[in-house]
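Have a look at structure_28.pdb; it's PDB, C-alpha atoms:
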ATOM      1  CA  MET E   1      14.767   0.878 -16.213
ATOM      2  CA  LYS E   2      14.528   1.277 -12.439
ATOM      3  CA  ASP E   3      16.551   4.512 -12.650
ATOM      4  CA  VAL E   4      14.216   5.897 -15.324
ATOM      5  CA  ILE E   5      11.159   5.146 -13.163
ATOM      6  CA  MET E   6      12.769   6.695 -10.081
ATOM      7  CA  LYS E   7      13.729   9.805 -12.053
ATOM      8  CA  PHE E   8      10.145  10.083 -13.345
ATOM      9  CA  ASP E   9       8.698   9.562  -9.859
ATOM     10  CA  PHE E  10      10.950  12.013  -8.053
ATOM     11  CA  GLY E  11      10.591  14.545 -10.870
ATOM     12  CA  ILE E  12       6.821  14.684 -10.308
ATOM     13  CA  LEU E  13       7.058  14.612  -6.507
ATOM     14  CA  ASP E  14       9.658  17.364  -6.473
ATOM     15  CA  TRP E  15       7.599  19.456  -8.908
ATOM     16  CA  ILE E  16       4.580  19.149  -6.597
ATOM     17  CA  GLN E  17       6.691  20.145  -3.587
ATOM     18  CA  GLY E  18       8.223  23.098  -5.439
ATOM     19  CA  ASN E  19       5.078  24.409  -7.128
ATOM     20  CA  LEU E  20       1.969  23.392  -5.183
ATOM     21  CA  ARG E  21       2.987  23.517  -1.518
ATOM     22  CA  CYS E  22       1.024  26.117   0.413
ATOM     23  CA  ALA E  23      -0.406  26.587   3.907
ATOM     24  CA  PHE E  24      -3.973  25.704   2.853
ATOM     25  CA  LEU E  25      -2.992  22.397   1.190
ATOM     26  CA  ASP E  26      -0.607  21.604   4.065
ATOM     27  CA  ARG E  27      -3.722  21.516   6.284
ATOM     28  CA  PHE E  28      -6.229  20.185   3.739
ATOM     29  CA  PHE E  29      -4.436  17.088   2.451
ATOM     30  CA  PRO E  30      -3.550  15.548   5.844
ATOM     31  CA  ALA E  31      -7.192  15.986   6.923
ATOM     32  CA  PHE E  32      -8.571  14.637   3.637
ATOM     33  CA  THR E  33      -6.220  11.648   3.448
ATOM     34  CA  PHE E  34      -7.453  10.596   6.907
ATOM     35  CA  LEU E  35     -10.638   9.389   5.168
ATOM     36  CA  GLY E  36      -8.557   6.612   3.618
ATOM     37  CA  GLU E  37      -6.756   5.503   6.788
ATOM     38  CA  LYS E  38      -7.267   1.746   7.262
ATOM     39  CA  GLY E  39     -10.068   2.082   4.689
ATOM     40  CA  TRP E  40     -12.511   3.152   7.405
ATOM     41  CA  PHE E  41     -14.527   5.550   5.206
ATOM     42  CA  PHE E  42     -14.947   2.976   2.449
ATOM     43  CA  ILE E  43     -15.746   0.158   4.877
ATOM     44  CA  LEU E  44     -18.309   2.342   6.643
ATOM     45  CA  THR E  45     -19.850   3.240   3.276
ATOM     46  CA  ALA E  46     -20.119  -0.455   2.358
ATOM     47  CA  VAL E  47     -21.750  -1.251   5.709
ATOM     48  CA  VAL E  48     -24.274   1.586   5.337
ATOM     49  CA  LEU E  49     -25.120   0.452   1.794
ATOM     50  CA  LEU E  50     -25.503  -3.138   3.008
ATOM     51  CA  CYS E  51     -27.982  -2.003   5.677
ATOM     52  CA  ILE E  52     -30.326  -0.339   3.180
ATOM     53  CA  PRO E  53     -32.369  -2.880   1.165
ATOM     54  CA  LYS E  54     -32.395  -0.691  -1.964
ATOM     55  CA  THR E  55     -28.566  -0.391  -2.012
ATOM     56  CA  ARG E  56     -27.630  -3.758  -0.476
ATOM     57  CA  LYS E  57     -26.353  -5.216  -3.749
ATOM     58  CA  TRP E  58     -24.023  -2.235  -4.280
ATOM     59  CA  GLY E  59     -22.809  -2.450  -0.687
ATOM     60  CA  ALA E  60     -21.902  -6.075  -1.368
ATOM     61  CA  CYS E  61     -20.102  -5.027  -4.572
ATOM     62  CA  LEU E  62     -18.080  -2.447  -2.648
ATOM     63  CA  ALA E  63     -17.320  -4.902   0.166
ATOM     64  CA  VAL E  64     -16.070  -7.567  -2.266
ATOM     65  CA  SER E  65     -13.991  -4.958  -4.132
ATOM     66  CA  LEU E  66     -12.411  -3.732  -0.905
ATOM     67  CA  LEU E  67     -11.683  -7.305   0.145
ATOM     68  CA  LEU E  68      -9.940  -7.985  -3.174
ATOM     69  CA  GLY E  69      -7.880  -4.816  -2.733
ATOM     70  CA  LEU E  70      -6.950  -5.745   0.819
ATOM     71  CA  VAL E  71      -5.842  -9.269  -0.037
ATOM     72  CA  PHE E  72      -4.148  -8.695  -3.385
ATOM     73  CA  GLY E  73      -3.068  -5.051  -3.126
ATOM     74  CA  ASN E  74      -2.217  -4.460   0.511
ATOM     75  CA  LEU E  75      -1.244  -7.935   1.714
ATOM     76  CA  LEU E  76       0.290  -9.606  -1.341
ATOM     77  CA  ILE E  77       1.613  -7.034  -3.828
ATOM     78  CA  LYS E  78       2.701  -4.462  -1.235
ATOM     79  CA  ASN E  79       4.774  -7.052   0.647
ATOM     80  CA  MET E  80       6.115  -8.772  -2.482
ATOM     81  CA  VAL E  81       7.349  -5.522  -4.044
ATOM     82  CA  ALA E  82       8.463  -4.062  -0.669
ATOM     83  CA  ARG E  83       9.124  -0.597  -2.091
ATOM     84  CA  ALA E  84      10.396   2.001   0.354
ATOM     85  CA  ARG E  85       8.394   5.204   0.637
ATOM     86  CA  PRO E  86       9.656   8.437  -0.971
ATOM     87  CA  TYR E  87      10.338  10.176   2.334
ATOM     88  CA  ASP E  88      12.589   7.269   3.351
ATOM     89  CA  GLN E  89      14.769   7.974   0.331
ATOM     90  CA  VAL E  90      15.206  11.730   0.876
ATOM     91  CA  GLU E  91      17.271  13.065   3.758
ATOM     92  CA  ASN E  92      15.582  15.416   6.223
ATOM     93  CA  PHE E  93      12.223  15.514   4.445
ATOM     94  CA  VAL E  94       9.655  17.108   6.757
ATOM     95  CA  LEU E  95       6.439  15.077   6.684
ATOM     96  CA  LEU E  96       2.986  16.536   7.284
ATOM     97  CA  VAL E  97       1.719  13.141   8.497
ATOM     98  CA  GLU E  98       3.191  10.425  10.668
ATOM     99  CA  LYS E  99       5.604   7.949   9.102
ATOM    100  CA  LEU E 100       3.878   4.814   7.866
ATOM    101  CA  SER E 101       4.879   1.293   8.832
ATOM    102  CA  ASP E 102       4.100  -0.508   5.574
ATOM    103  CA  PHE E 103       5.514  -0.345   2.062
ATOM    104  CA  SER E 104       4.744   2.149  -0.689
ATOM    105  CA  PHE E 105       3.598   0.121  -3.726
ATOM    106  CA  PRO E 106       0.681   0.248  -4.461
ATOM    107  CA  SER E 107      -1.067   3.108  -2.676
ATOM    108  CA  GLY E 108      -3.750   1.558  -0.454
ATOM    109  CA  HIS E 109      -5.648   4.841  -0.103
ATOM    110  CA  THR E 110      -5.806   5.286  -3.875
ATOM    111  CA  LEU E 111      -6.670   1.624  -4.394
ATOM    112  CA  ALA E 112      -9.698   1.831  -2.082
ATOM    113  CA  ALA E 113     -10.780   5.208  -3.513
ATOM    114  CA  PHE E 114     -10.812   3.832  -7.059
ATOM    115  CA  GLU E 115     -12.564   0.623  -6.031
ATOM    116  CA  PHE E 116     -15.214   2.890  -4.498
ATOM    117  CA  LEU E 117     -15.300   5.098  -7.605
ATOM    118  CA  THR E 118     -15.640   2.118  -9.941
ATOM    119  CA  VAL E 119     -18.491   0.563  -7.972
ATOM    120  CA  ILE E 120     -20.269   3.939  -7.839
ATOM    121  CA  CYS E 121     -19.799   4.446 -11.596
ATOM    122  CA  LEU E 122     -21.215   0.998 -12.361
ATOM    123  CA  SER E 123     -24.217   1.529 -10.073
ATOM    124  CA  PRO E 124     -27.474   3.231 -11.107
ATOM    125  CA  VAL E 125     -26.834   6.461  -9.178
ATOM    126  CA  LYS E 126     -27.209   9.950 -10.611
ATOM    127  CA  ARG E 127     -24.361  11.408 -12.661
ATOM    128  CA  TRP E 128     -23.564  14.078 -10.067
ATOM    129  CA  VAL E 129     -22.886  11.310  -7.498
ATOM    130  CA  LYS E 130     -20.509   9.652  -9.954
ATOM    131  CA  PHE E 131     -18.823  13.012 -10.544
ATOM    132  CA  LEU E 132     -18.352  13.560  -6.796
ATOM    133  CA  ALA E 133     -16.923  10.034  -6.453
ATOM    134  CA  ALA E 134     -14.481  10.808  -9.280
ATOM    135  CA  VAL E 135     -13.390  14.059  -7.638
ATOM    136  CA  PHE E 136     -12.985  12.204  -4.336
ATOM    137  CA  GLY E 137     -10.794   9.536  -5.989
ATOM    138  CA  VAL E 138      -8.585  12.026  -7.801
ATOM    139  CA  VAL E 139      -8.125  14.183  -4.687
ATOM    140  CA  MET E 140      -7.260  11.079  -2.628
ATOM    141  CA  ALA E 141      -4.630  10.085  -5.194
ATOM    142  CA  LEU E 142      -3.194  13.620  -5.274
ATOM    143  CA  SER E 143      -3.089  13.746  -1.483
ATOM    144  CA  ARG E 144      -0.734  10.774  -1.418
ATOM    145  CA  LEU E 145       1.671  12.538  -3.781
ATOM    146  CA  TYR E 146       1.414  15.918  -2.068
ATOM    147  CA  LEU E 147       2.144  14.297   1.307
ATOM    148  CA  TYR E 148       5.208  12.559  -0.202
ATOM    149  CA  VAL E 149       4.101   9.147   1.084
ATOM    150  CA  HIS E 150       3.750   7.531  -2.377
ATOM    151  CA  PHE E 151       5.440   7.689  -5.734
ATOM    152  CA  PRO E 152       3.376   8.557  -8.826
ATOM    153  CA  THR E 153       3.834   4.984 -10.097
ATOM    154  CA  ASP E 154       2.418   3.676  -6.777
ATOM    155  CA  VAL E 155      -0.657   5.828  -7.353
ATOM    156  CA  LEU E 156      -1.039   5.061 -11.078
ATOM    157  CA  CYS E 157      -0.854   1.315 -10.477
ATOM    158  CA  ALA E 158      -3.310   1.638  -7.586
ATOM    159  CA  VAL E 159      -5.744   3.451  -9.918
ATOM    160  CA  GLY E 160      -5.562   0.540 -12.377
ATOM    161  CA  LEU E 161      -5.880  -2.082  -9.666
ATOM    162  CA  GLY E 162      -8.740  -0.176  -8.033
ATOM    163  CA  ILE E 163     -10.666  -0.125 -11.293
ATOM    164  CA  LEU E 164      -9.912  -3.821 -11.875
ATOM    165  CA  PHE E 165     -10.984  -4.867  -8.365
ATOM    166  CA  GLY E 166     -14.055  -2.623  -8.555
ATOM    167  CA  VAL E 167     -15.169  -4.288 -11.787
ATOM    168  CA  MET E 168     -14.362  -7.729 -10.372
ATOM    169  CA  GLY E 169     -16.351  -7.005  -7.204
ATOM    170  CA  VAL E 170     -19.396  -5.998  -9.234
ATOM    171  CA  ARG E 171     -19.062  -9.050 -11.525
ATOM    172  CA  ILE E 172     -18.645 -11.466  -8.614
ATOM    173  CA  VAL E 173     -21.715 -10.148  -6.782
ATOM    174  CA  HIS E 174     -23.806 -10.152  -9.959
ATOM    175  CA  MET E 175     -22.742 -13.749 -10.728
ATOM    176  CA  ILE E 176     -23.666 -14.848  -7.209
ATOM    177  CA  LEU E 177     -27.055 -13.129  -7.437
ATOM    178  CA  GLU E 178     -27.727 -14.651 -10.864
ATOM    179  CA  GLU E 179     -26.847 -18.114  -9.553
ATOM    180  CA  ARG E 180     -29.140 -17.588  -6.558
ATOM    181  CA  GLY E 181     -31.938 -16.515  -8.900
ATOM    182  CA  LYS E 182     -31.507 -19.676 -10.993
ATOM    183  CA  LYS E 183     -31.630 -21.886  -7.898
ATOM    184  CA  LYS E 184     -34.824 -20.186  -6.703
ATOM    185  CA  GLU E 185     -36.431 -20.850 -10.076
ATOM    186  CA  GLU E 186     -35.645 -24.585  -9.883
TER     187      GLU E 186
END
Could you spell out this file's structure in structure tokens?
Amino acid sequence: MKDVIMKFDFGILDWIQGNLRCAFLDRFFPAFTFLGEKGWFFILTAVVLLCIPKTRKWGACLAVSLLLGLVFGNLLIKNMVARARPYDQVENFVLLVEKLSDFSFPSGHTLAAFEFLTVICLSPVKRWVKFLAAVFGVVMALSRLYLYVHFPTDVLCAVGLGILFGVMGVRIVHMILEERGKKKEE
């Protein structure tokens, strides 16, 4: 089974390298993927939302989602699976970004992007904002494949986990707020 997954993963990565590589994307994707480094963009977004009374609840939802992703995705699963990155398994692959010091599975950038996307989609924002968040998430996921730092299965699992943690973050915050509301009524 492992061989089938690796064949699938490398088949997609090699197709991307052989068919999509170009000078524009070689500059675009490293710059874009920087938004996901250490989760700074998503953390900053959560902080900004927390500072605005009208969006505070959604900032809390994003913060809880990101915390779930950090603990379960980046600290637990990534270290338990301990999957080597694609570029570590191919001789003389020329990277467009610096080598990373952690493991490949799941993709932390994609995880955070889909937690963000899920919280945005569950919030009462306009549809065009949700559309932009979806484009952002998909481009972040593609950037990780284009840059050869993650396998497609790393990214697909991160999408699923990101959606799960996004939903959980929203549910947790809503439960806390409902409980607070009940206590105030008593």
For Tyr87 of chain E: contacts at 7 Å, only C-alpha atoms, fewer than 2 positions along chain excluded, given as an mmCIF file with C-alpha atoms, in the frame of the given file:
data_model
loop_
_atom_site.group_PDB
_atom_site.id
_atom_site.type_symbol
_atom_site.label_atom_id
_atom_site.label_comp_id
_atom_site.auth_asym_id
_atom_site.auth_seq_id
_atom_site.Cartn_x
_atom_site.Cartn_y
_atom_site.Cartn_z
ATOM 1 C CA ARG E 85 8.394 5.204 0.637
ATOM 2 C CA GLN E 89 14.769 7.974 0.331
ATOM 3 C CA VAL E 90 15.206 11.730 0.876
ATOM 4 C CA PHE E 93 12.223 15.514 4.445
ATOM 5 C CA TYR E 148 5.208 12.559 -0.202
ATOM 6 C CA VAL E 149 4.101 9.147 1.084
#
Could you write out as a PDB file with C-alpha atoms, keeping the file's coordinate frame the residues that the PyMOL selection byres ((chain E and resi 33-35) around 12) matches in the shown file?
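Result file is expr_19.pdb:
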ATOM      1  CA  LEU E  25      -2.992  22.397   1.190  1.00  0.00           C
ATOM      2  CA  ASP E  26      -0.607  21.604   4.065  1.00  0.00           C
ATOM      3  CA  ARG E  27      -3.722  21.516   6.284  1.00  0.00           C
ATOM      4  CA  PHE E  28      -6.229  20.185   3.739  1.00  0.00           C
ATOM      5  CA  PHE E  29      -4.436  17.088   2.451  1.00  0.00           C
ATOM      6  CA  PRO E  30      -3.550  15.548   5.844  1.00  0.00           C
ATOM      7  CA  ALA E  31      -7.192  15.986   6.923  1.00  0.00           C
ATOM      8  CA  PHE E  32      -8.571  14.637   3.637  1.00  0.00           C
ATOM      9  CA  GLY E  36      -8.557   6.612   3.618  1.00  0.00           C
ATOM     10  CA  GLU E  37      -6.756   5.503   6.788  1.00  0.00           C
ATOM     11  CA  LYS E  38      -7.267   1.746   7.262  1.00  0.00           C
ATOM     12  CA  GLY E  39     -10.068   2.082   4.689  1.00  0.00           C
ATOM     13  CA  TRP E  40     -12.511   3.152   7.405  1.00  0.00           C
ATOM     14  CA  PHE E  41     -14.527   5.550   5.206  1.00  0.00           C
ATOM     15  CA  PHE E  42     -14.947   2.976   2.449  1.00  0.00           C
ATOM     16  CA  ILE E  43     -15.746   0.158   4.877  1.00  0.00           C
ATOM     17  CA  LEU E  44     -18.309   2.342   6.643  1.00  0.00           C
ATOM     18  CA  THR E  45     -19.850   3.240   3.276  1.00  0.00           C
ATOM     19  CA  LEU E  96       2.986  16.536   7.284  1.00  0.00           C
ATOM     20  CA  VAL E  97       1.719  13.141   8.497  1.00  0.00           C
ATOM     21  CA  GLU E  98       3.191  10.425  10.668  1.00  0.00           C
ATOM     22  CA  SER E 107      -1.067   3.108  -2.676  1.00  0.00           C
ATOM     23  CA  GLY E 108      -3.750   1.558  -0.454  1.00  0.00           C
ATOM     24  CA  HIS E 109      -5.648   4.841  -0.103  1.00  0.00           C
ATOM     25  CA  THR E 110      -5.806   5.286  -3.875  1.00  0.00           C
ATOM     26  CA  ALA E 112      -9.698   1.831  -2.082  1.00  0.00           C
ATOM     27  CA  ALA E 113     -10.780   5.208  -3.513  1.00  0.00           C
ATOM     28  CA  PHE E 136     -12.985  12.204  -4.336  1.00  0.00           C
ATOM     29  CA  GLY E 137     -10.794   9.536  -5.989  1.00  0.00           C
ATOM     30  CA  VAL E 138      -8.585  12.026  -7.801  1.00  0.00           C
ATOM     31  CA  VAL E 139      -8.125  14.183  -4.687  1.00  0.00           C
ATOM     32  CA  MET E 140      -7.260  11.079  -2.628  1.00  0.00           C
ATOM     33  CA  ALA E 141      -4.630  10.085  -5.194  1.00  0.00           C
ATOM     34  CA  LEU E 142      -3.194  13.620  -5.274  1.00  0.00           C
ATOM     35  CA  SER E 143      -3.089  13.746  -1.483  1.00  0.00           C
ATOM     36  CA  ARG E 144      -0.734  10.774  -1.418  1.00  0.00           C
ATOM     37  CA  LEU E 145       1.671  12.538  -3.781  1.00  0.00           C
ATOM     38  CA  TYR E 146       1.414  15.918  -2.068  1.00  0.00           C
ATOM     39  CA  LEU E 147       2.144  14.297   1.307  1.00  0.00           C
ATOM     40  CA  VAL E 149       4.101   9.147   1.084  1.00  0.00           C
TER      41      VAL E 149
END
Could you expand the PyMOL selection byres ((chain E and resi 64) around 9) into the explicit residues it covers here, written as a list of chain:residue names? E:Gly59, E:Ala60, E:Cys61, E:Leu62, E:Ala63, E:Ser65, E:Leu66, E:Leu67, E:Leu68, E:Gly69, E:Phe165, E:Gly166, E:Met168, E:Gly169, E:Val170, E:Ile172, E:Val173
Atom CA of Leu132 of chain E to atom CA of Pro53 of chain E, straight-line distance in Å: 23.0 Å
Using atom CA of Glu115 of chain E and atom CA of Gly162 of chain E as the two end points, give the distance in Å to one decimal. 4.4 Å
Using all atoms listed in the file, list the residues that have an atom at most 7 Å from (-19.2, 0.1, -8.3), coordinates as in the file, as a PyMOL selection string. chain E and resi 58+61-62+116-123+166-167+170
Can you translate the PyMOL selection byres ((chain E and resi 106) around 10) into the concrete residues it hits in this file, as a compact mmCIF listing (two decimals) with C-alpha atoms, in the frame of the given file?
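Output (part_25.txt):
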# COMPACT_ATOMS: atom_id res chain seq x y z
CA GLY E 73 -3.07 -5.05 -3.13
CA ASN E 74 -2.22 -4.46 0.51
CA ILE E 77 1.61 -7.03 -3.83
CA LYS E 78 2.70 -4.46 -1.24
CA ASN E 79 4.77 -7.05 0.65
CA VAL E 81 7.35 -5.52 -4.04
CA ALA E 82 8.46 -4.06 -0.67
CA ARG E 83 9.12 -0.60 -2.09
CA PHE E 103 5.51 -0.34 2.06
CA SER E 104 4.74 2.15 -0.69
CA PHE E 105 3.60 0.12 -3.73
CA SER E 107 -1.07 3.11 -2.68
CA GLY E 108 -3.75 1.56 -0.45
CA HIS E 109 -5.65 4.84 -0.10
CA THR E 110 -5.81 5.29 -3.88
CA LEU E 111 -6.67 1.62 -4.39
CA HIS E 150 3.75 7.53 -2.38
CA PHE E 151 5.44 7.69 -5.73
CA PRO E 152 3.38 8.56 -8.83
CA THR E 153 3.83 4.98 -10.10
CA ASP E 154 2.42 3.68 -6.78
CA VAL E 155 -0.66 5.83 -7.35
CA LEU E 156 -1.04 5.06 -11.08
CA CYS E 157 -0.85 1.32 -10.48
CA ALA E 158 -3.31 1.64 -7.59
CA VAL E 159 -5.74 3.45 -9.92
CA LEU E 161 -5.88 -2.08 -9.67
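Counting from atom CA of Phe24 of chain E, the distance to atom CA of Pro86 of chain E is 22.3 Å.
Here the question is which of E:Arg180, E:Ala133, E:Gly18, E:His174 gets nearest to Lys57 of chain E using all atoms listed in the file, and that residue is E:His174.
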